>>> print(open('final12.pdb').read())   # PDB, C-alpha atoms, pLDDT in the B column
ATOM      1  CA  MET A   1     119.062  86.056  99.336  1.00 45.00           C
ATOM      2  CA  ASP A   2     122.221  84.059  99.138  1.00 50.00           C
ATOM      3  CA  ASN A   3     121.199  81.951  96.175  1.00 63.00           C
ATOM      4  CA  HIS A   4     118.399  81.029  93.818  1.00 71.00           C
ATOM      5  CA  GLU A   5     117.711  77.715  95.563  1.00 80.00           C
ATOM      6  CA  GLU A   6     117.170  79.391  98.960  1.00 80.00           C
ATOM      7  CA  ALA A   7     114.882  81.948  97.339  1.00 80.00           C
ATOM      8  CA  THR A   8     112.780  79.327  95.596  1.00 85.00           C
ATOM      9  CA  ASP A   9     112.583  77.192  98.753  1.00 89.00           C
ATOM     10  CA  LEU A  10     111.337  80.168 100.774  1.00 89.00           C
ATOM     11  CA  LEU A  11     108.840  81.075  98.054  1.00 89.00           C
ATOM     12  CA  ASP A  12     107.599  77.465  97.956  1.00 88.00           C
ATOM     13  CA  THR A  13     107.165  77.404 101.740  1.00 87.00           C
ATOM     14  CA  THR A  14     105.338  80.727 101.617  1.00 88.00           C
ATOM     15  CA  MET A  15     103.024  79.571  98.839  1.00 87.00           C
ATOM     16  CA  ALA A  16     102.197  76.382 100.754  1.00 85.00           C
ATOM     17  CA  THR A  17     101.216  78.499 103.753  1.00 80.00           C
ATOM     18  CA  LEU A  18      99.207  80.990 101.697  1.00 81.00           C
ATOM     19  CA  THR A  19      97.230  78.375  99.798  1.00 78.00           C
ATOM     20  CA  THR A  20      95.634  77.241 103.044  1.00 69.00           C
ATOM     21  CA  GLU A  21      92.090  78.523 103.538  1.00 63.00           C
ATOM     22  CA  VAL A  22      91.968  81.611 105.765  1.00 61.00           C
ATOM     23  CA  GLY A  23      89.690  79.801 108.209  1.00 62.00           C
ATOM     24  CA  GLU A  24      92.339  77.117 108.703  1.00 63.00           C
ATOM     25  CA  LEU A  25      95.202  79.562 109.226  1.00 63.00           C
ATOM     26  CA  THR A  26      96.365  80.398 112.701  1.00 63.00           C
ATOM     27  CA  PRO A  27      98.698  83.221 113.701  1.00 62.00           C
ATOM     28  CA  GLN A  28     101.403  80.592 114.156  1.00 67.00           C
ATOM     29  CA  SER A  29     100.914  79.314 110.579  1.00 67.00           C
ATOM     30  CA  GLY A  30     102.779  82.203 109.039  1.00 74.00           C
ATOM     31  CA  LYS A  31     105.015  83.574 111.770  1.00 78.00           C
ATOM     32  CA  GLY A  32     107.953  81.291 110.975  1.00 83.00           C
ATOM     33  CA  VAL A  33     107.765  82.151 107.293  1.00 88.00           C
ATOM     34  CA  ILE A  34     107.421  85.855 108.094  1.00 90.00           C
ATOM     35  CA  ASP A  35     110.480  85.661 110.349  1.00 91.00           C
ATOM     36  CA  GLU A  36     112.464  84.002 107.538  1.00 91.00           C
ATOM     37  CA  TRP A  37     111.449  86.732 105.083  1.00 91.00           C
ATOM     38  CA  ILE A  38     112.293  89.480 107.582  1.00 92.00           C
ATOM     39  CA  SER A  39     115.695  87.941 108.242  1.00 91.00           C
ATOM     40  CA  THR A  40     116.449  87.463 104.561  1.00 89.00           C
ATOM     41  CA  LEU A  41     115.152  90.811 103.322  1.00 89.00           C
ATOM     42  CA  SER A  42     116.731  92.809 106.158  1.00 88.00           C
ATOM     43  CA  GLU A  43     120.082  92.205 104.472  1.00 85.00           C
ATOM     44  CA  SER A  44     119.210  94.610 101.650  1.00 85.00           C
ATOM     45  CA  GLU A  45     118.498  98.330 101.870  1.00 85.00           C
ATOM     46  CA  ASN A  46     116.100  98.309  98.908  1.00 86.00           C
ATOM     47  CA  THR A  47     113.693  95.905 100.655  1.00 89.00           C
ATOM     48  CA  LYS A  48     113.175  98.026 103.772  1.00 92.00           C
ATOM     49  CA  GLU A  49     109.553  98.825 102.856  1.00 93.00           C
ATOM     50  CA  ILE A  50     108.754  95.121 102.517  1.00 93.00           C
ATOM     51  CA  VAL A  51     110.407  94.356 105.857  1.00 94.00           C
ATOM     52  CA  ASP A  52     108.323  97.110 107.483  1.00 95.00           C
ATOM     53  CA  LEU A  53     105.129  95.598 106.026  1.00 95.00           C
ATOM     54  CA  LEU A  54     106.122  92.129 107.237  1.00 94.00           C
ATOM     55  CA  GLN A  55     106.774  93.542 110.723  1.00 94.00           C
ATOM     56  CA  GLN A  56     103.284  95.087 110.691  1.00 94.00           C
ATOM     57  CA  LEU A  57     101.754  91.771 109.661  1.00 91.00           C
ATOM     58  CA  LYS A  58     103.689  89.906 112.353  1.00 90.00           C
ATOM     59  CA  THR A  59     102.581  92.442 114.980  1.00 91.00           C
ATOM     60  CA  GLN A  60      98.955  91.922 113.938  1.00 88.00           C
ATOM     61  CA  LEU A  61      99.308  88.137 114.175  1.00 85.00           C
ATOM     62  CA  GLU A  62     100.943  88.348 117.601  1.00 86.00           C
ATOM     63  CA  SER A  63      98.363  90.767 118.993  1.00 85.00           C
ATOM     64  CA  GLY A  64      95.861  88.031 119.781  1.00 80.00           C
ATOM     65  CA  THR A  65      93.106  90.063 118.159  1.00 84.00           C
ATOM     66  CA  PRO A  66      94.307  90.942 114.670  1.00 84.00           C
ATOM     67  CA  ASN A  67      92.496  93.754 112.886  1.00 88.00           C
ATOM     68  CA  PRO A  68      91.172  92.237 109.617  1.00 87.00           C
ATOM     69  CA  GLU A  69      91.109  95.606 107.821  1.00 92.00           C
ATOM     70  CA  GLU A  70      94.713  96.407 108.743  1.00 93.00           C
ATOM     71  CA  MET A  71      95.858  92.896 107.837  1.00 90.00           C
ATOM     72  CA  GLN A  72      94.015  93.130 104.530  1.00 92.00           C
ATOM     73  CA  GLN A  73      95.768  96.399 103.690  1.00 95.00           C
ATOM     74  CA  VAL A  74      99.195  95.039 104.627  1.00 95.00           C
ATOM     75  CA  LEU A  75      98.584  91.934 102.494  1.00 94.00           C
ATOM     76  CA  LEU A  76      97.511  94.078  99.545  1.00 95.00           C
ATOM     77  CA  ASP A  77     100.613  96.245  99.970  1.00 96.00           C
ATOM     78  CA  LEU A  78     102.804  93.130 100.104  1.00 96.00           C
ATOM     79  CA  SER A  79     101.057  91.823  96.992  1.00 95.00           C
ATOM     80  CA  GLY A  80     101.931  95.038  95.174  1.00 95.00           C
ATOM     81  CA  GLN A  81     105.546  94.751  96.317  1.00 94.00           C
ATOM     82  CA  ALA A  82     105.732  91.144  95.076  1.00 92.00           C
ATOM     83  CA  HIS A  83     104.373  92.165  91.669  1.00 91.00           C
ATOM     84  CA  GLU A  84     106.857  95.048  91.514  1.00 92.00           C
ATOM     85  CA  MET A  85     109.775  92.755  92.383  1.00 88.00           C
ATOM     86  CA  GLY A  86     108.597  90.320  89.713  1.00 86.00           C
ATOM     87  CA  VAL A  87     108.859  93.065  87.123  1.00 87.00           C
ATOM     88  CA  LYS A  88     112.305  94.087  88.351  1.00 85.00           C
ATOM     89  CA  VAL A  89     113.826  90.597  88.164  1.00 81.00           C
ATOM     90  CA  GLY A  90     112.921  90.371  84.497  1.00 75.00           C
ATOM     91  CA  PRO A  91     111.825  87.432  82.388  1.00 73.00           C
ATOM     92  CA  GLU A  92     114.871  85.235  82.985  1.00 71.00           C
ATOM     93  CA  GLY A  93     114.209  81.976  84.834  1.00 75.00           C
ATOM     94  CA  ASP A  94     111.108  81.342  86.868  1.00 84.00           C
ATOM     95  CA  MET A  95     111.557  83.948  89.622  1.00 85.00           C
ATOM     96  CA  ALA A  96     109.257  86.520  87.969  1.00 87.00           C
ATOM     97  CA  THR A  97     106.532  83.884  87.641  1.00 90.00           C
ATOM     98  CA  ARG A  98     106.983  82.822  91.269  1.00 89.00           C
ATOM     99  CA  LEU A  99     106.785  86.420  92.493  1.00 91.00           C
ATOM    100  CA  GLU A 100     103.638  87.006  90.412  1.00 91.00           C
ATOM    101  CA  ALA A 101     102.104  83.882  91.964  1.00 92.00           C
ATOM    102  CA  LEU A 102     103.064  85.137  95.420  1.00 93.00           C
ATOM    103  CA  GLY A 103     101.442  88.498  94.702  1.00 94.00           C
ATOM    104  CA  ALA A 104      98.275  86.773  93.524  1.00 93.00           C
ATOM    105  CA  ALA A 105      98.190  84.516  96.603  1.00 91.00           C
ATOM    106  CA  LEU A 106      98.611  87.506  98.943  1.00 92.00           C
ATOM    107  CA  GLN A 107      95.825  89.313  97.114  1.00 93.00           C
ATOM    108  CA  ASN A 108      93.618  86.225  97.407  1.00 89.00           C
ATOM    109  CA  ILE A 109      94.182  85.991 101.173  1.00 87.00           C
ATOM    110  CA  ALA A 110      93.402  89.706 101.510  1.00 89.00           C
ATOM    111  CA  GLY A 111      90.164  89.130  99.603  1.00 89.00           C
ATOM    112  CA  GLN A 112      89.241  86.226 101.864  1.00 84.00           C
ATOM    113  CA  LEU A 113      89.797  88.444 104.908  1.00 81.00           C
ATOM    114  CA  ALA A 114      87.440  91.013 103.440  1.00 74.00           C
ATOM    115  CA  ASN A 115      84.754  88.359 103.025  1.00 75.00           C
ATOM    116  CA  ALA A 116      85.302  86.611 106.363  1.00 65.00           C
TER
END
>>> encode(input="final12.pdb", output="structure tokens")
Amino acid sequence: MDNHEEATDLLDTTMATLTTEVGELTPQSGKGVIDEWISTLSESENTKEIVDLLQQLKTQLESGTPNPEEMQQVLLDLSGQAHEMGVKVGPEGDMATRLEALGAALQNIAGQLANA
């Protein structure tokens, strides 16, 4: 990411999307945000695994008939990656807290898919 402000804006947009109830989400709800993350994270070699997971999620959303089990697993994997990144950025500023919140939101959505 180019700067802290861009990162926090993208995290805020993502959190707004993820805090919507699963039943109200449409495939289009998250595609723009996913595309932004893919574009941003593709710039770094150490985020390749996250980009791959985001591509899988996007493919599921675009398929017309997403597989809830596969989407759940991808969301759980992304949650783990968000938690891991939160640890790596350290306690300075609010980025670790934001990444932890993102991980929790992804885990929540995955749980809602399991119960849908």
>>> closest_residue(input="final12.pdb", among="A:Glu45, A:Ile38, A:Leu54, A:Gln73", to="A:Ile109", atoms="only C-alpha atoms")
A:Gln73
>>> residues_around(input="final12.pdb", residues="A:Ala82", least_positions_apart="5", cutoff="9 Å", atoms="only C-alpha atoms", output="list in words")
Ile50, Asp77, Val87, Leu99, Glu100, Ala101, Leu102, Gly103, Ala104 and Leu106 of chain A
>>> atom_distance(input="final12.pdb", atom1="atom CA of A:Gly64", atom2="atom CA of A:Asp35")
17.6 Å
>>> atom_distance(input="final12.pdb", atom1="atom CA of A:Leu11", atom2="atom CA of A:Asn46")
18.7 Å
>>> atom_distance(input="final12.pdb", atom1="atom CA of A:Glu5", atom2="atom CA of A:Gln81")
20.9 Å
>>> resolve_selection(input="final12.pdb", expression="the PyMOL selection byres ((chain A and resi 71) around 9)", output="PDB file with C-alpha atoms, in the frame of the given file")
ATOM      1  CA  GLN A  56     103.284  95.087 110.691  1.00 94.00           C
ATOM      2  CA  LEU A  57     101.754  91.771 109.661  1.00 91.00           C
ATOM      3  CA  GLN A  60      98.955  91.922 113.938  1.00 88.00           C
ATOM      4  CA  LEU A  61      99.308  88.137 114.175  1.00 85.00           C
ATOM      5  CA  PRO A  66      94.307  90.942 114.670  1.00 84.00           C
ATOM      6  CA  ASN A  67      92.496  93.754 112.886  1.00 88.00           C
ATOM      7  CA  PRO A  68      91.172  92.237 109.617  1.00 87.00           C
ATOM      8  CA  GLU A  69      91.109  95.606 107.821  1.00 92.00           C
ATOM      9  CA  GLU A  70      94.713  96.407 108.743  1.00 93.00           C
ATOM     10  CA  GLN A  72      94.015  93.130 104.530  1.00 92.00           C
ATOM     11  CA  GLN A  73      95.768  96.399 103.690  1.00 95.00           C
ATOM     12  CA  VAL A  74      99.195  95.039 104.627  1.00 95.00           C
ATOM     13  CA  LEU A  75      98.584  91.934 102.494  1.00 94.00           C
ATOM     14  CA  LEU A  76      97.511  94.078  99.545  1.00 95.00           C
ATOM     15  CA  ALA A 110      93.402  89.706 101.510  1.00 89.00           C
ATOM     16  CA  LEU A 113      89.797  88.444 104.908  1.00 81.00           C
TER      17      LEU A 113
END
>>> resolve_selection(input="final12.pdb", expression="the PyMOL selection byres ((chain A and resi 33) around 12)", output="list in words")
Asp9, Leu10, Leu11, Asp12, Thr13, Thr14, Met15, Ala16, Thr17, Leu18, Pro27, Gln28, Ser29, Gly30, Lys31, Gly32, Ile34, Asp35, Glu36, Trp37, Ile38, Ser39, Thr40, Leu54, Gln55, Leu57 and Lys58 of chain A
>>> closest_residue(input="final12.pdb", among="A:Thr8, A:Thr19, A:Ser63, A:Ser42", to="A:Ala105", atoms="only C-alpha atoms")
A:Thr19
>>> closest_residue(input="final12.pdb", among="A:Thr65, A:Glu92, A:Leu78, A:His83", to="A:Val51", atoms="all atoms listed in the file")
A:Leu78
>>> decode(input="final12.pdb", residues="chain A", atoms="C-alpha atoms", output="mmCIF file, in the first residue's frame")
data_model
loop_
_atom_site.group_PDB
_atom_site.id
_atom_site.type_symbol
_atom_site.label_atom_id
_atom_site.label_comp_id
_atom_site.auth_asym_id
_atom_site.auth_seq_id
_atom_site.Cartn_x
_atom_site.Cartn_y
_atom_site.Cartn_z
ATOM 1 C CA MET A 1 0.000 0.000 0.000
ATOM 2 C CA ASP A 2 1.240 3.435 -0.816
ATOM 3 C CA ASN A 3 0.339 5.004 2.500
ATOM 4 C CA HIS A 4 -1.402 4.517 5.813
ATOM 5 C CA GLU A 5 -4.442 6.563 4.778
ATOM 6 C CA GLU A 6 -5.094 4.398 1.692
ATOM 7 C CA ALA A 7 -4.719 1.267 3.803
ATOM 8 C CA THR A 8 -7.147 2.464 6.449
ATOM 9 C CA ASP A 9 -9.655 3.622 3.816
ATOM 10 C CA LEU A 10 -9.582 0.205 2.139
ATOM 11 C CA LEU A 11 -9.917 -1.542 5.499
ATOM 12 C CA ASP A 12 -12.872 0.702 6.399
ATOM 13 C CA THR A 13 -14.585 -0.050 3.081
ATOM 14 C CA THR A 14 -13.968 -3.762 3.565
ATOM 15 C CA MET A 15 -15.336 -3.723 7.106
ATOM 16 C CA ALA A 16 -18.467 -1.882 5.954
ATOM 17 C CA THR A 17 -19.046 -4.595 3.359
ATOM 18 C CA LEU A 18 -18.348 -7.451 5.772
ATOM 19 C CA THR A 19 -20.624 -6.166 8.514
ATOM 20 C CA THR A 20 -23.615 -6.623 6.230
ATOM 21 C CA GLU A 21 -25.656 -9.739 6.986
ATOM 22 C CA VAL A 22 -24.767 -12.642 4.687
ATOM 23 C CA GLY A 23 -28.360 -12.819 3.462
ATOM 24 C CA GLU A 24 -28.137 -9.215 2.266
ATOM 25 C CA LEU A 25 -24.815 -9.659 0.475
ATOM 26 C CA THR A 26 -24.727 -10.192 -3.245
ATOM 27 C CA PRO A 27 -21.746 -11.312 -5.312
ATOM 28 C CA GLN A 28 -21.438 -7.717 -6.499
ATOM 29 C CA SER A 29 -21.249 -6.430 -2.897
ATOM 30 C CA GLY A 30 -17.662 -7.496 -2.453
ATOM 31 C CA LYS A 31 -16.210 -7.747 -5.942
ATOM 32 C CA GLY A 32 -15.082 -4.117 -6.097
ATOM 33 C CA VAL A 33 -13.403 -4.380 -2.714
ATOM 34 C CA ILE A 34 -11.810 -7.700 -3.675
ATOM 35 C CA ASP A 35 -10.485 -6.145 -6.886
ATOM 36 C CA GLU A 36 -8.975 -3.264 -4.883
ATOM 37 C CA TRP A 37 -7.266 -5.694 -2.498
ATOM 38 C CA ILE A 38 -5.960 -7.815 -5.380
ATOM 39 C CA SER A 39 -4.585 -4.741 -7.122
ATOM 40 C CA THR A 40 -2.985 -3.386 -3.967
ATOM 41 C CA LEU A 41 -1.565 -6.655 -2.655
ATOM 42 C CA SER A 42 -0.272 -7.802 -6.053
ATOM 43 C CA GLU A 43 2.446 -5.170 -5.701
ATOM 44 C CA SER A 44 4.204 -7.202 -3.001
ATOM 45 C CA GLU A 45 5.744 -10.656 -3.290
ATOM 46 C CA ASN A 46 5.035 -11.559 0.345
ATOM 47 C CA THR A 47 1.256 -11.224 -0.132
ATOM 48 C CA LYS A 48 0.977 -13.696 -3.012
ATOM 49 C CA GLU A 49 -0.893 -16.257 -0.881
ATOM 50 C CA ILE A 50 -3.492 -13.651 0.084
ATOM 51 C CA VAL A 51 -3.918 -12.586 -3.544
ATOM 52 C CA ASP A 52 -4.446 -16.239 -4.520
ATOM 53 C CA LEU A 53 -7.139 -16.601 -1.833
ATOM 54 C CA LEU A 54 -8.842 -13.402 -2.993
ATOM 55 C CA GLN A 55 -8.801 -14.693 -6.585
ATOM 56 C CA GLN A 56 -10.463 -17.914 -5.390
ATOM 57 C CA LEU A 57 -13.127 -15.935 -3.550
ATOM 58 C CA LYS A 58 -13.747 -13.723 -6.582
ATOM 59 C CA THR A 59 -14.043 -16.794 -8.827
ATOM 60 C CA GLN A 60 -16.632 -18.267 -6.454
ATOM 61 C CA LEU A 61 -18.637 -15.030 -6.446
ATOM 62 C CA GLU A 62 -18.545 -14.780 -10.238
ATOM 63 C CA SER A 63 -19.546 -18.406 -10.781
ATOM 64 C CA GLY A 64 -23.243 -17.714 -10.306
ATOM 65 C CA THR A 65 -23.513 -20.682 -7.968
ATOM 66 C CA PRO A 66 -20.872 -20.204 -5.288
ATOM 67 C CA ASN A 67 -19.942 -23.249 -3.229
ATOM 68 C CA PRO A 68 -20.614 -22.285 0.426
ATOM 69 C CA GLU A 69 -18.075 -24.793 1.785
ATOM 70 C CA GLU A 70 -15.299 -23.542 -0.496
ATOM 71 C CA MET A 71 -16.155 -19.911 0.242
ATOM 72 C CA GLN A 72 -16.187 -20.657 3.960
ATOM 73 C CA GLN A 73 -12.714 -22.197 3.765
ATOM 74 C CA VAL A 74 -11.317 -19.295 1.742
ATOM 75 C CA LEU A 75 -12.788 -16.806 4.232
ATOM 76 C CA LEU A 76 -11.283 -18.719 7.151
ATOM 77 C CA ASP A 77 -7.909 -18.789 5.387
ATOM 78 C CA LEU A 78 -8.142 -15.042 4.735
ATOM 79 C CA SER A 79 -9.060 -14.511 8.384
ATOM 80 C CA GLY A 80 -5.915 -16.360 9.425
ATOM 81 C CA GLN A 81 -3.835 -14.253 7.040
ATOM 82 C CA ALA A 82 -5.330 -11.036 8.456
ATOM 83 C CA HIS A 83 -4.517 -12.133 12.011
ATOM 84 C CA GLU A 84 -0.977 -13.048 10.945
ATOM 85 C CA MET A 85 -0.466 -9.666 9.265
ATOM 86 C CA GLY A 86 -1.776 -7.961 12.401
ATOM 87 C CA VAL A 87 0.928 -9.662 14.428
ATOM 88 C CA LYS A 88 3.607 -8.725 11.903
ATOM 89 C CA VAL A 89 2.781 -5.005 11.835
ATOM 90 C CA GLY A 90 3.302 -4.794 15.577
ATOM 91 C CA PRO A 91 1.561 -2.717 18.212
ATOM 92 C CA GLU A 92 2.320 0.700 16.725
ATOM 93 C CA GLY A 93 -0.708 2.700 15.580
ATOM 94 C CA ASP A 94 -4.080 1.164 14.930
ATOM 95 C CA MET A 95 -3.238 -1.102 11.976
ATOM 96 C CA ALA A 96 -2.853 -4.247 14.121
ATOM 97 C CA THR A 97 -6.255 -3.598 15.698
ATOM 98 C CA ARG A 98 -7.837 -3.014 12.285
ATOM 99 C CA LEU A 99 -6.350 -6.227 10.890
ATOM 100 C CA GLU A 100 -7.577 -8.175 13.936
ATOM 101 C CA ALA A 101 -11.060 -6.733 13.379
ATOM 102 C CA LEU A 102 -10.873 -7.717 9.713
ATOM 103 C CA GLY A 103 -9.871 -11.257 10.666
ATOM 104 C CA ALA A 104 -12.767 -11.472 13.107
ATOM 105 C CA ALA A 105 -15.235 -10.141 10.515
ATOM 106 C CA LEU A 106 -14.044 -12.674 7.915
ATOM 107 C CA GLN A 107 -14.392 -15.446 10.478
ATOM 108 C CA ASN A 108 -17.897 -14.229 11.332
ATOM 109 C CA ILE A 109 -18.970 -14.274 7.670
ATOM 110 C CA ALA A 110 -17.524 -17.780 7.300
ATOM 111 C CA GLY A 111 -19.549 -18.862 10.330
ATOM 112 C CA GLN A 112 -22.711 -17.357 8.869
ATOM 113 C CA LEU A 113 -22.119 -19.291 5.644
ATOM 114 C CA ALA A 114 -21.843 -22.493 7.639
ATOM 115 C CA ASN A 115 -25.195 -21.795 9.284
ATOM 116 C CA ALA A 116 -26.997 -20.556 6.167
#
